[in-house]
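Structure file work_13.txt; described as compact mmCIF, C-alpha atoms.
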```
# COMPACT_ATOMS: atom_id res chain seq x y z
CA MET W 1 0.00 0.00 0.00
CA THR W 2 1.36 3.43 -0.98
CA THR W 3 1.05 6.40 1.32
CA LEU W 4 1.33 10.08 0.43
CA ILE W 5 2.34 11.14 3.92
CA ASN W 6 5.93 12.33 4.23
CA ARG W 7 7.37 10.14 6.98
CA THR W 8 10.97 11.34 6.86
CA ALA W 9 12.50 12.70 10.04
CA PRO W 10 12.39 16.48 10.30
CA ASP W 11 15.50 18.54 9.74
CA LEU W 12 16.20 19.67 13.33
CA PRO W 13 17.95 23.02 12.61
CA ALA W 14 15.11 23.95 10.25
CA LEU W 15 12.44 22.83 12.74
CA GLU W 16 14.05 24.78 15.61
CA THR W 17 14.34 27.86 13.41
CA CYS W 18 10.68 27.67 12.39
CA GLN W 19 9.64 27.30 16.02
CA ARG W 20 11.80 30.25 17.06
CA HIS W 21 9.95 32.32 14.43
CA GLY W 22 6.58 31.16 15.72
CA ASN W 23 5.92 28.91 12.69
CA ARG W 24 4.72 32.03 10.87
CA PRO W 25 4.63 31.62 7.08
CA GLU W 26 5.10 35.35 6.51
CA LEU W 27 8.59 34.95 8.02
CA LEU W 28 9.71 32.41 5.41
CA ILE W 29 12.59 34.54 4.14
CA GLU W 30 13.92 35.08 7.67
CA VAL W 31 13.61 31.37 8.40
CA LEU W 32 15.53 30.50 5.23
CA HIS W 33 18.29 33.00 6.02
CA ASP W 34 18.63 31.62 9.55
CA VAL W 35 18.74 28.00 8.40
CA GLN W 36 21.34 28.79 5.76
CA GLY W 37 23.34 30.76 8.34
CA LYS W 38 23.41 27.73 10.64
CA VAL W 39 23.93 24.96 8.11
CA GLY W 40 25.42 26.72 5.08
CA ARG W 41 22.72 25.67 2.62
CA ILE W 42 19.02 24.83 2.24
CA SER W 43 18.69 21.04 1.86
CA ASP W 44 15.74 19.04 0.55
CA SER W 45 14.97 17.89 4.09
CA ALA W 46 15.05 21.50 5.33
CA ILE W 47 12.63 22.51 2.56
CA SER W 48 10.20 19.75 3.58
CA THR W 49 10.50 20.58 7.27
CA ILE W 50 10.00 24.30 6.71
CA ALA W 51 7.01 23.66 4.44
CA ASN W 52 5.37 21.42 7.06
CA ALA W 53 6.11 23.76 9.97
CA LEU W 54 4.89 26.90 8.18
CA ASN W 55 1.91 25.18 6.53
CA LEU W 56 3.22 25.89 3.03
CA SER W 57 3.75 23.58 0.10
CA ARG W 58 7.25 22.36 -0.67
CA ALA W 59 6.86 24.04 -4.07
CA GLU W 60 6.27 27.40 -2.37
CA VAL W 61 9.39 27.07 -0.23
CA LEU W 62 11.52 25.76 -3.09
CA GLY W 63 10.23 28.59 -5.29
CA VAL W 64 11.54 31.17 -2.83
CA VAL W 65 14.85 29.35 -2.41
CA THR W 66 15.46 29.16 -6.16
CA PHE W 67 14.16 32.67 -6.92
CA TYR W 68 16.52 34.54 -4.59
CA ASP W 69 20.18 34.39 -5.49
CA ASP W 70 21.28 34.56 -1.84
CA PHE W 71 20.02 31.08 -1.03
CA ARG W 72 22.20 28.07 -1.76
CA ARG W 73 21.19 24.45 -2.26
CA GLU W 74 24.83 23.32 -2.04
CA HIS W 75 27.60 24.36 0.33
CA SER W 76 29.59 27.41 -0.71
CA ARG W 77 32.79 26.79 -2.65
CA GLY W 78 34.66 29.64 -0.99
CA LEU W 79 34.51 33.34 -0.18
CA LYS W 80 31.36 34.90 -1.61
CA VAL W 81 31.91 38.04 -3.71
CA ARG W 82 28.96 39.86 -5.30
CA ILE W 83 29.83 42.69 -7.67
CA CYS W 84 27.20 45.31 -8.46
CA HIS W 85 26.08 45.18 -12.09
CA ALA W 86 23.74 48.20 -12.09
CA GLU W 87 24.17 51.05 -14.53
CA ALA W 88 26.03 53.40 -12.17
CA CYS W 89 28.59 50.74 -11.30
CA GLN W 90 28.90 49.69 -14.94
CA ALA W 91 29.70 53.30 -15.81
CA SER W 92 32.42 53.22 -13.13
CA GLY W 93 34.11 50.08 -14.47
CA ALA W 94 32.16 47.17 -12.99
CA ASN W 95 32.23 45.15 -16.21
CA GLU W 96 36.02 45.28 -16.33
CA LEU W 97 36.19 44.41 -12.62
CA ILE W 98 33.89 41.43 -13.15
CA ALA W 99 36.01 40.17 -16.05
CA TRP W 100 39.17 40.54 -13.98
CA ALA W 101 37.56 38.78 -11.01
CA GLN W 102 36.45 35.85 -13.20
CA ASP W 103 39.97 35.45 -14.56
CA HIS W 104 41.85 35.91 -11.28
CA LEU W 105 39.75 35.44 -8.15
CA VAL W 106 37.59 32.48 -9.12
CA VAL W 107 40.39 30.39 -10.58
CA GLN W 108 43.25 31.33 -8.28
CA HIS W 109 41.58 32.03 -4.93
CA ASN W 110 38.49 29.79 -4.72
CA VAL W 111 36.06 32.74 -4.75
CA GLU W 112 32.35 32.22 -5.40
CA LEU W 113 31.65 35.15 -7.72
CA GLY W 114 28.17 36.50 -8.30
CA HIS W 115 26.49 39.74 -9.17
CA VAL W 116 23.78 41.90 -7.76
CA TYR W 117 21.86 44.63 -9.54
CA CYS W 118 22.19 47.35 -6.92
CA LEU W 119 23.83 47.73 -3.55
CA GLY W 120 22.65 51.30 -2.99
CA ASN W 121 26.23 52.53 -3.11
CA CYS W 122 25.93 54.15 -6.54
CA ALA W 123 28.08 57.21 -5.83
CA LEU W 124 30.99 54.97 -4.83
CA GLY W 125 30.95 52.52 -7.73
CA PRO W 126 32.02 50.05 -8.67
CA SER W 127 30.80 48.39 -5.50
CA ALA W 128 30.75 44.84 -4.20
CA LEU W 129 29.89 42.70 -1.22
CA VAL W 130 32.95 40.74 -0.14
CA GLY W 131 32.04 38.18 2.47
CA GLY W 132 29.01 40.32 3.32
CA GLN W 133 31.01 43.56 3.69
CA LEU W 134 30.04 46.45 1.38
CA LEU W 135 33.00 48.04 -0.41
CA GLY W 136 33.09 50.92 -2.87
CA ARG W 137 35.40 52.56 -5.42
CA LEU W 138 36.85 49.16 -6.13
CA THR W 139 39.78 48.44 -8.36
CA ALA W 140 41.23 45.03 -9.09
CA SER W 141 43.95 45.51 -6.47
CA LYS W 142 41.47 46.73 -3.81
CA LEU W 143 39.20 43.77 -4.52
CA ALA W 144 42.12 41.33 -4.33
CA SER W 145 43.22 42.84 -1.01
CA ALA W 146 39.70 42.68 0.42
CA CYS W 147 39.38 39.03 -0.62
CA ALA W 148 42.73 38.19 0.94
CA ALA W 149 41.75 39.95 4.19
CA GLN W 150 38.38 38.15 4.32
CA ALA W 151 39.96 34.79 3.54
CA SER W 152 42.57 35.23 6.30
CA SER W 153 39.88 36.16 8.83
CA ILE W 154 37.89 33.05 7.87
CA HIS W 155 40.87 30.70 8.01
CA GLY W 156 42.94 32.59 10.47
```
Would you put the structure from the file into structure tokens?
Amino acid sequence: MTTLINRTAPDLPALETCQRHGNRPELLIEVLHDVQGKVGRISDSAISTIANALNLSRAEVLGVVTFYDDFRREHSRGLKVRICHAEACQASGANELIAWAQDHLVVQHNVELGHVYCLGNCALGPSALVGGQLLGRLTASKLASACAAQASSIHG
């Protein structure tokens, strides 16, 4: 006999996080950020647990996870760098900085490179988030130095 009930054990960090947020579905984004902060990613079991705890479908939770670029389904490969790709930063040299970062940081320094369309730091472009820290007026050498400093604080 086949059953449609999900009988897998709940993901405990996800369950605790949902409970801490009162199992409120309107706090889904906060729950996801907290789970990822604890575990480093959003797993299939976490998606199921969150959906059950918040009375949402797994499709709704997965839809949010896959829509927002900040959520990861796999563990990070290294330091996370997000370079602004908005018009003001492009006018300040962001495209060249992105190309340099792809050639140098990703290959040589195990950096997970991404982009974001605005960091609200338009007057100080090009801007980036390096390990969560907002930096402006970036050049290749400033970006390399910031990555080295972040990497040493993580491993150091």
Original post:
So which residues fall inside 6 Å of (29.3, 29.2, -6.3) if we count only C-alpha atoms? Mind giving them as a list of chain:residue names?
Top reply: W:Ser76, W:Arg77, W:Glu112
Original post:
Taking all atoms listed in the file into account, which of W:Ser45, W:Gln108, W:Asn95, W:Ser145 comes nearest Ser127 in chain W?
Top reply: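 Comparing W:Ser45, W:Gln108, W:Asn95, W:Ser145 against Ser127 in chain W, the winner is W:Asn95.
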**OP:** Neighbourhood query: residues within 12 Å of (4.4, 28.8, 1.5), file coordinates, counting all atoms listed in the file; return as a ChimeraX atom specification.
**Re:** /W:23-29,31-32,47-65
**OP:** Find the residues near His104 in chain W: any atom within 12 Å, counting all atoms listed in the file, skip ones fewer than 3 places away on the same chain, and give them as a list in words.
**Re:** Leu97, Ile98, Ala99, Trp100, Ala101, Val107, Gln108, His109, Asn110, Val111, Glu112, Leu113, Ala140, Ser141, Leu143, Ala144 and Cys147 of chain W
Original post:
Which is closer to Lys142 in chain W than all the others in W:Tyr117, W:Pro13, W:Pro126, W:Lys80, using only C-alpha atoms?
Top reply: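 Of all the options, W:Pro126 lies closest to Lys142 in chain W.
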Original post:
With distances taken over all atoms listed in the file, which of W:Arg82, W:Leu129, W:His21, W:Gly120 is nearest to His33 in chain W?
Top reply: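 With all atoms listed in the file as the atom set, the closest residue is W:His21.
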I'd like the box whose edges run along x, y and z of the file and which contains every listed atom of range 13-19 of chain W, padded by 4 Å per side; could you state its centre and edge lengths in Å, one decimal, as AutoDock Vina command-line options?
```
--center_x 13.8 --center_y 25.3 --center_z 13.1 --size_x 16.3 --size_y 13.0 --size_z 13.8
```
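Note that CA of Arg72 in chain W and CA of Gly132 in chain W are 14.9 Å apart.
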**OP:** Could you jot down the CA of Leu138 in chain W to CA of Ala151 in chain W separation for me, Å, one decimal place?
**Re:**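 Those two atoms sit 17.6 Å apart.
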Subject >> Atomic separation - CA of Thr8 in chain W relative to CA of Val39 in chain W, Å >> reply: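 Straight-line distance from CA of Val39 in chain W to CA of Thr8 in chain W works out to 18.8 Å.
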Can you pull out every residue within 9 Å of Ser92 in chain W, counting all atoms listed in the file, but drop anything in the same chain fewer than 5 positions away, and send it as a PDB file with C-alpha atoms, in the frame of the given file?
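Output contents, as saved in around34.pdb:
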```pdb
ATOM      1  CA  GLU W  87      24.170  51.050 -14.530  1.00  0.00           C
ATOM      2  CA  LEU W 124      30.990  54.970  -4.830  1.00  0.00           C
ATOM      3  CA  GLY W 125      30.950  52.520  -7.730  1.00  0.00           C
ATOM      4  CA  PRO W 126      32.020  50.050  -8.670  1.00  0.00           C
ATOM      5  CA  ARG W 137      35.400  52.560  -5.420  1.00  0.00           C
TER       6      ARG W 137
END
```
